[in-house]
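Below is the file structure_33.pdb, which contains PDB, C-alpha atoms and all ligand atoms.
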```pdb
ATOM      1  CA  MET A   1      -3.322  -9.864 -16.298  1.00  0.00           C
ATOM      2  CA  ILE A   2      -3.314  -8.924 -12.615  1.00  0.00           C
ATOM      3  CA  ILE A   3      -0.177  -8.275 -10.577  1.00  0.00           C
ATOM      4  CA  ALA A   4      -0.380  -7.957  -6.785  1.00  0.00           C
ATOM      5  CA  VAL A   5       2.276  -5.921  -4.982  1.00  0.00           C
ATOM      6  CA  ASP A   6       1.977  -5.984  -1.184  1.00  0.00           C
ATOM      7  CA  GLY A   7       4.209  -4.808   1.618  1.00  0.00           C
ATOM      8  CA  PRO A   8       4.542  -2.670   4.726  1.00  0.00           C
ATOM      9  CA  ALA A   9       4.594   1.138   4.994  1.00  0.00           C
ATOM     10  CA  ALA A  10       7.408   2.894   3.136  1.00  0.00           C
ATOM     11  CA  SER A  11       8.649  -0.304   1.510  1.00  0.00           C
ATOM     12  CA  GLY A  12       8.703   1.380  -1.900  1.00  0.00           C
ATOM     13  CA  LYS A  13       5.835  -0.756  -3.241  1.00  0.00           C
ATOM     14  CA  GLY A  14       4.007   2.328  -4.611  1.00  0.00           C
ATOM     15  CA  THR A  15       6.943   3.435  -6.763  1.00  0.00           C
ATOM     16  CA  LEU A  16       7.561  -0.144  -7.832  1.00  0.00           C
ATOM     17  CA  GLY A  17       3.869  -0.710  -8.602  1.00  0.00           C
ATOM     18  CA  LYS A  18       3.799   2.346 -10.853  1.00  0.00           C
ATOM     19  CA  ARG A  19       6.900   1.238 -12.766  1.00  0.00           C
ATOM     20  CA  ILE A  20       5.716  -2.344 -13.101  1.00  0.00           C
ATOM     21  CA  ALA A  21       2.381  -1.094 -14.505  1.00  0.00           C
ATOM     22  CA  ALA A  22       4.175   1.109 -17.052  1.00  0.00           C
ATOM     23  CA  HIS A  23       6.471  -1.792 -18.005  1.00  0.00           C
ATOM     24  CA  TYR A  24       3.537  -4.118 -18.814  1.00  0.00           C
ATOM     25  CA  GLY A  25       1.171  -1.398 -20.091  1.00  0.00           C
ATOM     26  CA  LEU A  26      -1.346  -2.050 -17.293  1.00  0.00           C
ATOM     27  CA  ASN A  27      -3.521   0.229 -15.144  1.00  0.00           C
ATOM     28  CA  HIS A  28      -2.219   0.955 -11.660  1.00  0.00           C
ATOM     29  CA  LEU A  29      -4.072   1.370  -8.367  1.00  0.00           C
ATOM     30  CA  ASP A  30      -2.315   2.408  -5.168  1.00  0.00           C
ATOM     31  CA  THR A  31      -4.909   1.017  -2.745  1.00  0.00           C
ATOM     32  CA  GLY A  32      -3.363   2.896   0.191  1.00  0.00           C
ATOM     33  CA  LEU A  33      -4.810   6.047  -1.375  1.00  0.00           C
ATOM     34  CA  ILE A  34      -8.320   4.628  -0.974  1.00  0.00           C
ATOM     35  CA  TYR A  35      -7.921   4.141   2.776  1.00  0.00           C
ATOM     36  CA  ARG A  36      -6.265   7.562   2.989  1.00  0.00           C
ATOM     37  CA  ALA A  37      -9.283   9.102   1.209  1.00  0.00           C
ATOM     38  CA  VAL A  38     -11.706   7.519   3.698  1.00  0.00           C
ATOM     39  CA  ALA A  39      -9.639   8.834   6.621  1.00  0.00           C
ATOM     40  CA  ARG A  40      -9.407  12.282   4.973  1.00  0.00           C
ATOM     41  CA  ALA A  41     -13.210  12.397   4.626  1.00  0.00           C
ATOM     42  CA  LEU A  42     -13.542  11.923   8.398  1.00  0.00           C
ATOM     43  CA  LEU A  43     -10.817  14.452   9.240  1.00  0.00           C
ATOM     44  CA  ASP A  44     -12.415  17.022   6.879  1.00  0.00           C
ATOM     45  CA  GLN A  45     -15.744  16.652   8.699  1.00  0.00           C
ATOM     46  CA  ASN A  46     -14.040  16.848  12.129  1.00  0.00           C
ATOM     47  CA  LEU A  47     -15.258  13.340  12.918  1.00  0.00           C
ATOM     48  CA  PRO A  48     -13.140  11.104  15.170  1.00  0.00           C
ATOM     49  CA  LEU A  49     -11.309   8.211  13.514  1.00  0.00           C
ATOM     50  CA  THR A  50     -12.930   5.976  16.124  1.00  0.00           C
ATOM     51  CA  ASP A  51     -16.339   6.540  14.465  1.00  0.00           C
ATOM     52  CA  GLU A  52     -16.628   3.192  12.678  1.00  0.00           C
ATOM     53  CA  LEU A  53     -20.093   3.914  11.248  1.00  0.00           C
ATOM     54  CA  ALA A  54     -18.975   7.232   9.740  1.00  0.00           C
ATOM     55  CA  ALA A  55     -15.842   5.556   8.317  1.00  0.00           C
ATOM     56  CA  THR A  56     -17.956   2.796   6.758  1.00  0.00           C
ATOM     57  CA  ALA A  57     -20.351   5.383   5.268  1.00  0.00           C
ATOM     58  CA  ALA A  58     -17.389   7.345   3.856  1.00  0.00           C
ATOM     59  CA  ALA A  59     -15.982   4.149   2.338  1.00  0.00           C
ATOM     60  CA  ARG A  60     -19.339   3.319   0.710  1.00  0.00           C
ATOM     61  CA  ALA A  61     -19.577   6.856  -0.735  1.00  0.00           C
ATOM     62  CA  LEU A  62     -16.029   6.912  -2.124  1.00  0.00           C
ATOM     63  CA  ASP A  63     -15.507   7.286  -5.864  1.00  0.00           C
ATOM     64  CA  LEU A  64     -12.267   5.448  -6.727  1.00  0.00           C
ATOM     65  CA  SER A  65     -11.908   7.373  -9.982  1.00  0.00           C
ATOM     66  CA  VAL A  66     -11.332  10.726  -8.226  1.00  0.00           C
ATOM     67  CA  LEU A  67      -8.523  10.123  -5.737  1.00  0.00           C
ATOM     68  CA  ASP A  68      -6.552  13.348  -5.255  1.00  0.00           C
ATOM     69  CA  GLU A  69      -3.054  11.948  -4.703  1.00  0.00           C
ATOM     70  CA  ASP A  70      -1.464  15.282  -3.680  1.00  0.00           C
ATOM     71  CA  ARG A  71      -4.002  15.821  -0.869  1.00  0.00           C
ATOM     72  CA  LEU A  72      -3.746  12.263   0.367  1.00  0.00           C
ATOM     73  CA  ARG A  73       0.038  11.971   0.674  1.00  0.00           C
ATOM     74  CA  GLY A  74       1.846  12.657   3.933  1.00  0.00           C
ATOM     75  CA  PRO A  75       2.271  10.922   7.277  1.00  0.00           C
ATOM     76  CA  GLN A  76      -0.912  12.289   8.925  1.00  0.00           C
ATOM     77  CA  ALA A  77      -3.237  10.739   6.314  1.00  0.00           C
ATOM     78  CA  GLY A  78      -1.175   7.520   6.346  1.00  0.00           C
ATOM     79  CA  GLU A  79      -1.466   7.139  10.099  1.00  0.00           C
ATOM     80  CA  ALA A  80      -5.207   7.972   9.995  1.00  0.00           C
ATOM     81  CA  ALA A  81      -5.697   5.474   7.150  1.00  0.00           C
ATOM     82  CA  SER A  82      -4.037   2.772   9.224  1.00  0.00           C
ATOM     83  CA  VAL A  83      -6.546   3.468  12.043  1.00  0.00           C
ATOM     84  CA  ILE A  84      -9.745   3.300   9.935  1.00  0.00           C
ATOM     85  CA  SER A  85      -8.498   0.365   7.841  1.00  0.00           C
ATOM     86  CA  VAL A  86      -8.996  -2.001  10.797  1.00  0.00           C
ATOM     87  CA  TYR A  87     -12.799  -1.704  10.484  1.00  0.00           C
ATOM     88  CA  PRO A  88     -14.294  -4.724   8.660  1.00  0.00           C
ATOM     89  CA  GLY A  89     -17.178  -2.568   7.293  1.00  0.00           C
ATOM     90  CA  VAL A  90     -14.686  -0.197   5.660  1.00  0.00           C
ATOM     91  CA  ARG A  91     -12.765  -3.055   4.058  1.00  0.00           C
ATOM     92  CA  GLU A  92     -15.930  -4.727   2.820  1.00  0.00           C
ATOM     93  CA  ALA A  93     -17.214  -1.468   1.295  1.00  0.00           C
ATOM     94  CA  LEU A  94     -13.946  -1.052  -0.633  1.00  0.00           C
ATOM     95  CA  LEU A  95     -13.501  -4.639  -1.792  1.00  0.00           C
ATOM     96  CA  GLN A  96     -15.644  -4.714  -4.945  1.00  0.00           C
ATOM     97  CA  GLY A  97     -14.329  -1.410  -6.297  1.00  0.00           C
ATOM     98  CA  GLN A  98     -10.763  -2.740  -6.110  1.00  0.00           C
ATOM     99  CA  ARG A  99     -11.710  -6.027  -7.790  1.00  0.00           C
ATOM    100  CA  SER A 100     -13.582  -4.196 -10.568  1.00  0.00           C
ATOM    101  CA  PHE A 101     -10.563  -1.968 -11.147  1.00  0.00           C
ATOM    102  CA  ALA A 102      -8.334  -5.052 -11.429  1.00  0.00           C
ATOM    103  CA  MET A 103     -10.619  -6.651 -14.054  1.00  0.00           C
ATOM    104  CA  ARG A 104     -10.926  -3.549 -16.250  1.00  0.00           C
ATOM    105  CA  GLY A 105      -9.241  -3.489 -19.685  1.00  0.00           C
ATOM    106  CA  SER A 106      -6.179  -5.673 -20.024  1.00  0.00           C
ATOM    107  CA  GLY A 107      -5.647  -5.816 -16.267  1.00  0.00           C
ATOM    108  CA  ALA A 108      -3.817  -3.947 -13.554  1.00  0.00           C
ATOM    109  CA  VAL A 109      -1.130  -3.725 -10.942  1.00  0.00           C
ATOM    110  CA  LEU A 110      -2.594  -3.142  -7.484  1.00  0.00           C
ATOM    111  CA  ASP A 111      -0.391  -2.329  -4.522  1.00  0.00           C
ATOM    112  CA  GLY A 112      -1.402  -2.507  -0.885  1.00  0.00           C
ATOM    113  CA  ARG A 113      -1.482  -4.842   2.097  1.00  0.00           C
ATOM    114  CA  ASP A 114      -4.046  -7.528   1.219  1.00  0.00           C
ATOM    115  CA  ILE A 115      -4.039  -7.667  -2.588  1.00  0.00           C
ATOM    116  CA  GLY A 116      -2.478 -11.129  -2.891  1.00  0.00           C
ATOM    117  CA  THR A 117      -4.374 -12.550   0.089  1.00  0.00           C
ATOM    118  CA  VAL A 118      -7.905 -11.075  -0.175  1.00  0.00           C
ATOM    119  CA  ILE A 119      -8.554  -8.686  -3.070  1.00  0.00           C
ATOM    120  CA  CYS A 120      -6.980 -10.686  -5.920  1.00  0.00           C
ATOM    121  CA  PRO A 121      -6.051 -14.123  -4.537  1.00  0.00           C
ATOM    122  CA  ASP A 122      -5.896 -15.456  -8.123  1.00  0.00           C
ATOM    123  CA  ALA A 123      -3.500 -12.757  -9.392  1.00  0.00           C
ATOM    124  CA  ASP A 124      -1.159 -13.905 -12.174  1.00  0.00           C
ATOM    125  CA  ALA A 125       1.885 -12.705 -10.232  1.00  0.00           C
ATOM    126  CA  LYS A 126       2.352 -11.703  -6.590  1.00  0.00           C
ATOM    127  CA  ILE A 127       5.279 -10.005  -4.969  1.00  0.00           C
ATOM    128  CA  PHE A 128       5.738  -8.971  -1.354  1.00  0.00           C
ATOM    129  CA  VAL A 129       8.079  -6.004  -1.079  1.00  0.00           C
ATOM    130  CA  THR A 130       9.808  -5.356   2.198  1.00  0.00           C
ATOM    131  CA  ALA A 131      12.902  -3.815   3.782  1.00  0.00           C
ATOM    132  CA  SER A 132      14.110  -3.531   7.381  1.00  0.00           C
ATOM    133  CA  SER A 133      12.138  -0.990   9.436  1.00  0.00           C
ATOM    134  CA  GLU A 134      15.381   1.006   9.938  1.00  0.00           C
ATOM    135  CA  GLU A 135      15.957   1.233   6.181  1.00  0.00           C
ATOM    136  CA  ARG A 136      12.331   2.158   5.466  1.00  0.00           C
ATOM    137  CA  ALA A 137      12.455   4.822   8.192  1.00  0.00           C
ATOM    138  CA  LYS A 138      15.704   6.198   6.751  1.00  0.00           C
ATOM    139  CA  ARG A 139      14.211   6.513   3.255  1.00  0.00           C
ATOM    140  CA  ARG A 140      11.008   8.121   4.577  1.00  0.00           C
ATOM    141  CA  TRP A 141      12.971  10.480   6.864  1.00  0.00           C
ATOM    142  CA  LEU A 142      15.208  11.657   3.994  1.00  0.00           C
ATOM    143  CA  GLU A 143      12.053  12.439   1.974  1.00  0.00           C
ATOM    144  CA  LEU A 144      10.224  14.228   4.793  1.00  0.00           C
ATOM    145  CA  LYS A 145      13.085  16.284   6.152  1.00  0.00           C
ATOM    146  CA  ILE A 146      13.153  18.462   3.040  1.00  0.00           C
ATOM    147  CA  ALA A 147       9.858  20.022   4.180  1.00  0.00           C
ATOM    148  CA  HIS A 148      10.401  19.342   7.935  1.00  0.00           C
ATOM    149  CA  PRO A 149      14.099  19.921   8.745  1.00  0.00           C
ATOM    150  CA  ASP A 150      13.545  19.409  12.510  1.00  0.00           C
ATOM    151  CA  LEU A 151      11.997  15.976  12.138  1.00  0.00           C
ATOM    152  CA  ALA A 152      13.986  13.318  14.019  1.00  0.00           C
ATOM    153  CA  TYR A 153      14.819   9.958  12.416  1.00  0.00           C
ATOM    154  CA  GLU A 154      13.728   8.213  15.648  1.00  0.00           C
ATOM    155  CA  THR A 155      10.220   9.717  15.338  1.00  0.00           C
ATOM    156  CA  VAL A 156       9.831   8.365  11.805  1.00  0.00           C
ATOM    157  CA  LEU A 157      11.150   4.953  12.895  1.00  0.00           C
ATOM    158  CA  SER A 158       8.728   4.705  15.790  1.00  0.00           C
ATOM    159  CA  ASP A 159       5.784   5.778  13.549  1.00  0.00           C
ATOM    160  CA  ILE A 160       6.680   3.091  11.027  1.00  0.00           C
ATOM    161  CA  GLN A 161       7.019   0.416  13.693  1.00  0.00           C
ATOM    162  CA  GLN A 162       3.662   1.407  15.181  1.00  0.00           C
ATOM    163  CA  ARG A 163       2.027   1.264  11.743  1.00  0.00           C
ATOM    164  CA  ASP A 164       3.574  -2.167  11.009  1.00  0.00           C
ATOM    165  CA  THR A 165       2.211  -3.486  14.300  1.00  0.00           C
ATOM    166  CA  ARG A 166      -1.310  -2.136  13.648  1.00  0.00           C
ATOM    167  CA  ASP A 167      -1.437  -3.243   9.996  1.00  0.00           C
ATOM    168  CA  SER A 168      -0.132  -6.745  10.792  1.00  0.00           C
ATOM    169  CA  ASN A 169      -2.184  -7.453  13.901  1.00  0.00           C
ATOM    170  CA  ARG A 170      -5.673  -6.348  12.881  1.00  0.00           C
ATOM    171  CA  ALA A 171      -8.247  -9.129  12.521  1.00  0.00           C
ATOM    172  CA  ALA A 172      -9.622  -8.027   9.122  1.00  0.00           C
ATOM    173  CA  SER A 173      -7.278  -8.701   6.184  1.00  0.00           C
ATOM    174  CA  PRO A 174      -4.009  -8.061   8.029  1.00  0.00           C
ATOM    175  CA  LEU A 175      -0.755  -7.271   6.257  1.00  0.00           C
ATOM    176  CA  ARG A 176       0.527 -10.745   5.400  1.00  0.00           C
ATOM    177  CA  MET A 177       2.566 -12.265   2.621  1.00  0.00           C
ATOM    178  CA  ALA A 178       0.382 -14.626   0.536  1.00  0.00           C
ATOM    179  CA  ASP A 179       1.609 -18.226   0.623  1.00  0.00           C
ATOM    180  CA  ASP A 180       2.217 -18.118  -3.139  1.00  0.00           C
ATOM    181  CA  ALA A 181       3.843 -14.644  -3.248  1.00  0.00           C
ATOM    182  CA  ARG A 182       7.530 -14.062  -3.989  1.00  0.00           C
ATOM    183  CA  LEU A 183       9.539 -12.048  -1.476  1.00  0.00           C
ATOM    184  CA  LEU A 184      11.534  -8.999  -2.560  1.00  0.00           C
ATOM    185  CA  ASP A 185      13.711  -7.574   0.222  1.00  0.00           C
ATOM    186  CA  THR A 186      14.971  -4.160  -0.920  1.00  0.00           C
ATOM    187  CA  THR A 187      16.983  -3.327   2.215  1.00  0.00           C
ATOM    188  CA  LYS A 188      20.255  -3.400   0.285  1.00  0.00           C
ATOM    189  CA  LEU A 189      18.903  -2.546  -3.189  1.00  0.00           C
ATOM    190  CA  ASP A 190      18.705   0.818  -4.949  1.00  0.00           C
ATOM    191  CA  LYS A 191      15.500   1.695  -6.829  1.00  0.00           C
ATOM    192  CA  GLU A 192      16.687   0.477 -10.229  1.00  0.00           C
ATOM    193  CA  THR A 193      18.011  -2.852  -8.910  1.00  0.00           C
ATOM    194  CA  ALA A 194      14.778  -3.347  -6.941  1.00  0.00           C
ATOM    195  CA  PHE A 195      12.746  -2.781 -10.115  1.00  0.00           C
ATOM    196  CA  GLN A 196      14.847  -5.229 -12.140  1.00  0.00           C
ATOM    197  CA  ALA A 197      14.570  -7.816  -9.353  1.00  0.00           C
ATOM    198  CA  ALA A 198      10.775  -7.326  -9.244  1.00  0.00           C
ATOM    199  CA  ILE A 199      10.510  -7.990 -12.990  1.00  0.00           C
ATOM    200  CA  VAL A 200      12.556 -11.213 -12.645  1.00  0.00           C
ATOM    201  CA  LEU A 201      10.200 -12.457  -9.888  1.00  0.00           C
ATOM    202  CA  ILE A 202       7.072 -11.490 -11.825  1.00  0.00           C
ATOM    203  CA  GLU A 203       8.340 -13.145 -15.014  1.00  0.00           C
ATOM    204  CA  ALA A 204       8.993 -16.333 -13.028  1.00  0.00           C
ATOM    205  CA  ASP A 205       5.346 -16.282 -11.855  1.00  0.00           C
ATOM    206  CA  LEU A 206       4.004 -15.464 -15.307  1.00  0.00           C
ATOM    207  CA  SER A 207       5.918 -18.259 -17.015  1.00  0.00           C
ATOM    208  CA  ARG A 208       4.741 -20.713 -14.352  1.00  0.00           C
ATOM    209  CA  ASN A 209       1.116 -19.633 -14.886  1.00  0.00           C
ATOM    210  CA  ARG A 210       1.265 -19.538 -18.687  1.00  0.00           C
TER     211      ARG A 210
HETATM  212  O1  LIG B   1       0.287   2.148   1.614  1.00  0.00           O
HETATM  213  P1  LIG B   1      -0.066   3.371   2.449  1.00  0.00           P
HETATM  214  O2  LIG B   1       0.988   3.766   3.429  1.00  0.00           O
HETATM  215  O3  LIG B   1      -0.528   4.511   1.619  1.00  0.00           O
HETATM  216  O4  LIG B   1      -1.348   2.879   3.291  1.00  0.00           O
HETATM  217  C1  LIG B   1      -1.914   3.648   4.323  1.00  0.00           C
HETATM  218  C2  LIG B   1      -2.676   2.725   5.286  1.00  0.00           C
HETATM  219  O5  LIG B   1      -3.843   2.196   4.620  1.00  0.00           O
HETATM  220  C3  LIG B   1      -1.927   1.513   5.782  1.00  0.00           C
HETATM  221  O6  LIG B   1      -1.176   1.797   6.963  1.00  0.00           O
HETATM  222  C4  LIG B   1      -3.003   0.490   6.034  1.00  0.00           C
HETATM  223  C5  LIG B   1      -4.079   0.859   5.048  1.00  0.00           C
HETATM  224  N1  LIG B   1      -4.122  -0.022   3.880  1.00  0.00           N
HETATM  225  C6  LIG B   1      -4.780  -1.230   4.027  1.00  0.00           C
HETATM  226  O7  LIG B   1      -5.239  -1.544   5.121  1.00  0.00           O
HETATM  227  N2  LIG B   1      -4.921  -2.063   2.959  1.00  0.00           N
HETATM  228  C7  LIG B   1      -4.412  -1.745   1.763  1.00  0.00           C
HETATM  229  N3  LIG B   1      -4.591  -2.575   0.733  1.00  0.00           N
HETATM  230  C8  LIG B   1      -3.699  -0.527   1.590  1.00  0.00           C
HETATM  231  C9  LIG B   1      -3.548   0.312   2.682  1.00  0.00           C
END
```

Mind turning the file's structure into structure tokens?
Ligand code: DC
Amino acid sequence: MIIAVDGPAASGKGTLGKRIAAHYGLNHLDTGLIYRAVARALLDQNLPLTDELAATAAARALDLSVLDEDRLRGPQAGEAASVISVYPGVREALLQGQRSFAMRGSGAVLDGRDIGTVICPDADAKIFVTASSEERAKRRWLELKIAHPDLAYETVLSDIQQRDTRDSNRAASPLRMADDARLLDTTKLDKETAFQAAIVLIEADLSRNR
């Protein structure tokens, strides 16, 4: 069984994806971490993010089984990931690894931007998780200001809006809701309600596909 969870930056899809995977006893892959790892490889070698060939080589060399989540979190890696993820060569190099992960064992929950549209178009259930950019910025800002008390909400909001624009407007596999995905708007939902709502939507898809 494969469940696709897509959505924009800071929509909460990672947390939801993890919980959904635990609920159904499936593997979980946060595909944002893969793009973050490619960007990190360039930053670690002091290579510019504009170096498409180096980014493609880093993507080809990446081992999906050793993603160091702690090192890859944070806004710098997220922004850098958004930049290198526009390169078609990078996306192509990462495609098969994601599909293989999805097919392993009894299946998986994958979260990202193009899971329902490109990576697993035949997924058994697809949800598209979103929230207003103001709400997503507020949640991200509350998280970040613990370590960065001087960080302004407006800075986080403008970063998120810039990321949305880049992720949605690139030519290769842009952020887009699949035609057969179900929309989950969490703007007014707390985490628990959002999770329960996600399960209702997924169950509706699963019973339709059974
Ligand atoms: O989900 P995230 O914030 O960790 O993702 C970081 C960036 O990686 C995101 O801005 C765009 C890119 N990405 C992508 O292009 N496709 C995916 N499936 C996941 C992430």

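Comparing A:Leu157, A:Leu42, A:Leu72, A:Ala4 by their smallest distance to A:Phe128, the closest is A:Ala4 (using only C-alpha atoms).
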
For the interface of chain A with ligand LIG 1 (chain B) (cut-off 7 Å, counting all atoms listed in the file), please tabulate each contacting residue of chain A alongside its nearest pair of atoms and their separation in Å to one decimal, rows sorted by chain and increasing number, as JSON lines.
```
{"residue": "A:Ala9", "atom": "CA", "partner": "B:LIG1", "partner_atom": "O2", "distance": 4.7}
{"residue": "A:Ala10", "atom": "CA", "partner": "B:LIG1", "partner_atom": "O2", "distance": 6.5}
{"residue": "A:Thr31", "atom": "CA", "partner": "B:LIG1", "partner_atom": "C8", "distance": 4.8}
{"residue": "A:Gly32", "atom": "CA", "partner": "B:LIG1", "partner_atom": "O3", "distance": 3.6}
{"residue": "A:Leu33", "atom": "CA", "partner": "B:LIG1", "partner_atom": "O3", "distance": 5.4}
{"residue": "A:Tyr35", "atom": "CA", "partner": "B:LIG1", "partner_atom": "O5", "distance": 4.9}
{"residue": "A:Arg36", "atom": "CA", "partner": "B:LIG1", "partner_atom": "C1", "distance": 6.0}
{"residue": "A:Gly78", "atom": "CA", "partner": "B:LIG1", "partner_atom": "C1", "distance": 4.4}
{"residue": "A:Glu79", "atom": "CA", "partner": "B:LIG1", "partner_atom": "O6", "distance": 6.2}
{"residue": "A:Ala81", "atom": "CA", "partner": "B:LIG1", "partner_atom": "C2", "distance": 4.5}
{"residue": "A:Ser82", "atom": "CA", "partner": "B:LIG1", "partner_atom": "O6", "distance": 3.8}
{"residue": "A:Ser85", "atom": "CA", "partner": "B:LIG1", "partner_atom": "O7", "distance": 4.7}
{"residue": "A:Val86", "atom": "CA", "partner": "B:LIG1", "partner_atom": "O7", "distance": 6.8}
{"residue": "A:Asp111", "atom": "CA", "partner": "B:LIG1", "partner_atom": "N3", "distance": 6.7}
{"residue": "A:Gly112", "atom": "CA", "partner": "B:LIG1", "partner_atom": "N3", "distance": 3.6}
{"residue": "A:Arg113", "atom": "CA", "partner": "B:LIG1", "partner_atom": "N3", "distance": 4.1}
{"residue": "A:Asp114", "atom": "CA", "partner": "B:LIG1", "partner_atom": "N3", "distance": 5.0}
{"residue": "A:Ile115", "atom": "CA", "partner": "B:LIG1", "partner_atom": "N3", "distance": 6.1}
{"residue": "A:Arg163", "atom": "CA", "partner": "B:LIG1", "partner_atom": "O6", "distance": 5.8}
{"residue": "A:Asp167", "atom": "CA", "partner": "B:LIG1", "partner_atom": "C4", "distance": 5.7}
```

Quiz item: Expanded to explicit residues, what is the PyMOL selection byres (((chain A and resi 118-121) around 7) and not hetatm) for this file, as a PyMOL selection string?
Solution: chain A and resi 95+99+114-117+122-123+173

Quiz item: Rounded to one decimal in Å, what is the spacing between atom CA of A:Leu201 and atom CA of A:Ala125?
Solution: 8.3 Å

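The spacing separating atom CA of A:Ala102 from atom CA of A:Ala197 amounts to 23.2 Å.
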
Exercise. Compare A:Gln96, A:Ser207, A:Ser11, A:Gln45 by their minimum atom-to-atom distance to A:Lys138, counting all atoms listed in the file, and give me the closest one.
Key: A:Ser11

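When all atoms listed in the file are used to measure the gap to A:Asp30, the shortest distance among A:Glu69, A:Glu52, A:Asp63, A:Asp44 belongs to A:Glu69.
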
Exercise. Might you pull out every residue within 9 Å of A:Leu64, with all atoms listed in the file counted and same-chain residues fewer than 4 positions away left off, and present them as number ranges by chain?
Key: A: 34, 97-98, 101

Enclosing box along x, y and z for every listed atom of stretch 169-172 of chain A, padded 6 Å each side, centre and size in Å, one decimal, as JSON:
```
{"center_x": -5.9, "center_y": -7.7, "center_z": 11.5, "size_x": 19.4, "size_y": 14.8, "size_z": 16.8}
```

Exercise. Choose the residue, out of A:Leu110, A:Val156, A:Ile199, A:Ala204, that has the smallest atom-to-atom separation from A:Gly7; count only C-alpha atoms.
Key: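 Answer, going by the shortest atom-to-atom distance: A:Leu110.
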
Practice problem: Could you expand the PyMOL selection byres (((chain A and resi 132) around 10) and not hetatm) into the explicit residues it covers here, written as a count of residues only? | Solution: 14

Quiz item: Do you have the atom CA of A:Glu143-atom CA of A:Ile3 distance handy?
Solution: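 The value is 27.1 Å.
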
Can you fill out stretch 185-190 of chain A with all heavy atoms and hand it back as a CSV table (one decimal), in the frame of the given file?
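selection_16.csv, freshly written:
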```
chain,number,residue,atom,x,y,z
A,185,ASP,N,13.2,-8.4,-0.9
A,185,ASP,CA,13.7,-7.6,0.2
A,185,ASP,C,14.6,-6.5,-0.4
A,185,ASP,O,15.7,-6.8,-0.9
A,185,ASP,CB,14.5,-8.5,1.2
A,185,ASP,CG,14.9,-7.7,2.4
A,185,ASP,OD1,15.1,-6.5,2.3
A,185,ASP,OD2,15.1,-8.3,3.5
A,186,THR,N,14.2,-5.2,-0.3
A,186,THR,CA,15.0,-4.2,-0.9
A,186,THR,C,15.9,-3.4,0.0
A,186,THR,O,16.4,-2.4,-0.3
A,186,THR,CB,14.0,-3.1,-1.6
A,186,THR,OG1,13.4,-2.4,-0.5
A,186,THR,CG2,13.0,-3.8,-2.4
A,187,THR,N,16.2,-4.0,1.2
A,187,THR,CA,17.0,-3.3,2.2
A,187,THR,C,18.3,-2.9,1.6
A,187,THR,O,18.8,-1.8,1.9
A,187,THR,CB,17.3,-4.2,3.4
A,187,THR,OG1,16.0,-4.7,3.9
A,187,THR,CG2,18.0,-3.5,4.5
A,188,LYS,N,18.9,-3.7,0.8
A,188,LYS,CA,20.3,-3.4,0.3
A,188,LYS,C,20.2,-3.0,-1.2
A,188,LYS,O,21.3,-3.0,-1.9
A,188,LYS,CB,21.2,-4.6,0.5
A,188,LYS,CG,21.4,-4.9,2.0
A,188,LYS,CD,22.7,-5.7,2.2
A,188,LYS,CE,23.1,-5.7,3.7
A,188,LYS,NZ,22.3,-6.6,4.5
A,189,LEU,N,19.0,-2.8,-1.8
A,189,LEU,CA,18.9,-2.5,-3.2
A,189,LEU,C,18.6,-1.1,-3.5
A,189,LEU,O,17.7,-0.5,-2.8
A,189,LEU,CB,17.8,-3.4,-3.8
A,189,LEU,CG,17.9,-4.9,-3.6
A,189,LEU,CD1,16.7,-5.6,-4.3
A,189,LEU,CD2,19.2,-5.5,-4.1
A,190,ASP,N,19.2,-0.5,-4.5
A,190,ASP,CA,18.7,0.8,-4.9
A,190,ASP,C,17.4,0.6,-5.8
A,190,ASP,O,17.0,-0.5,-6.1
A,190,ASP,CB,19.8,1.6,-5.7
A,190,ASP,CG,20.2,0.9,-7.0
A,190,ASP,OD1,19.4,0.2,-7.6
A,190,ASP,OD2,21.4,1.0,-7.4
```
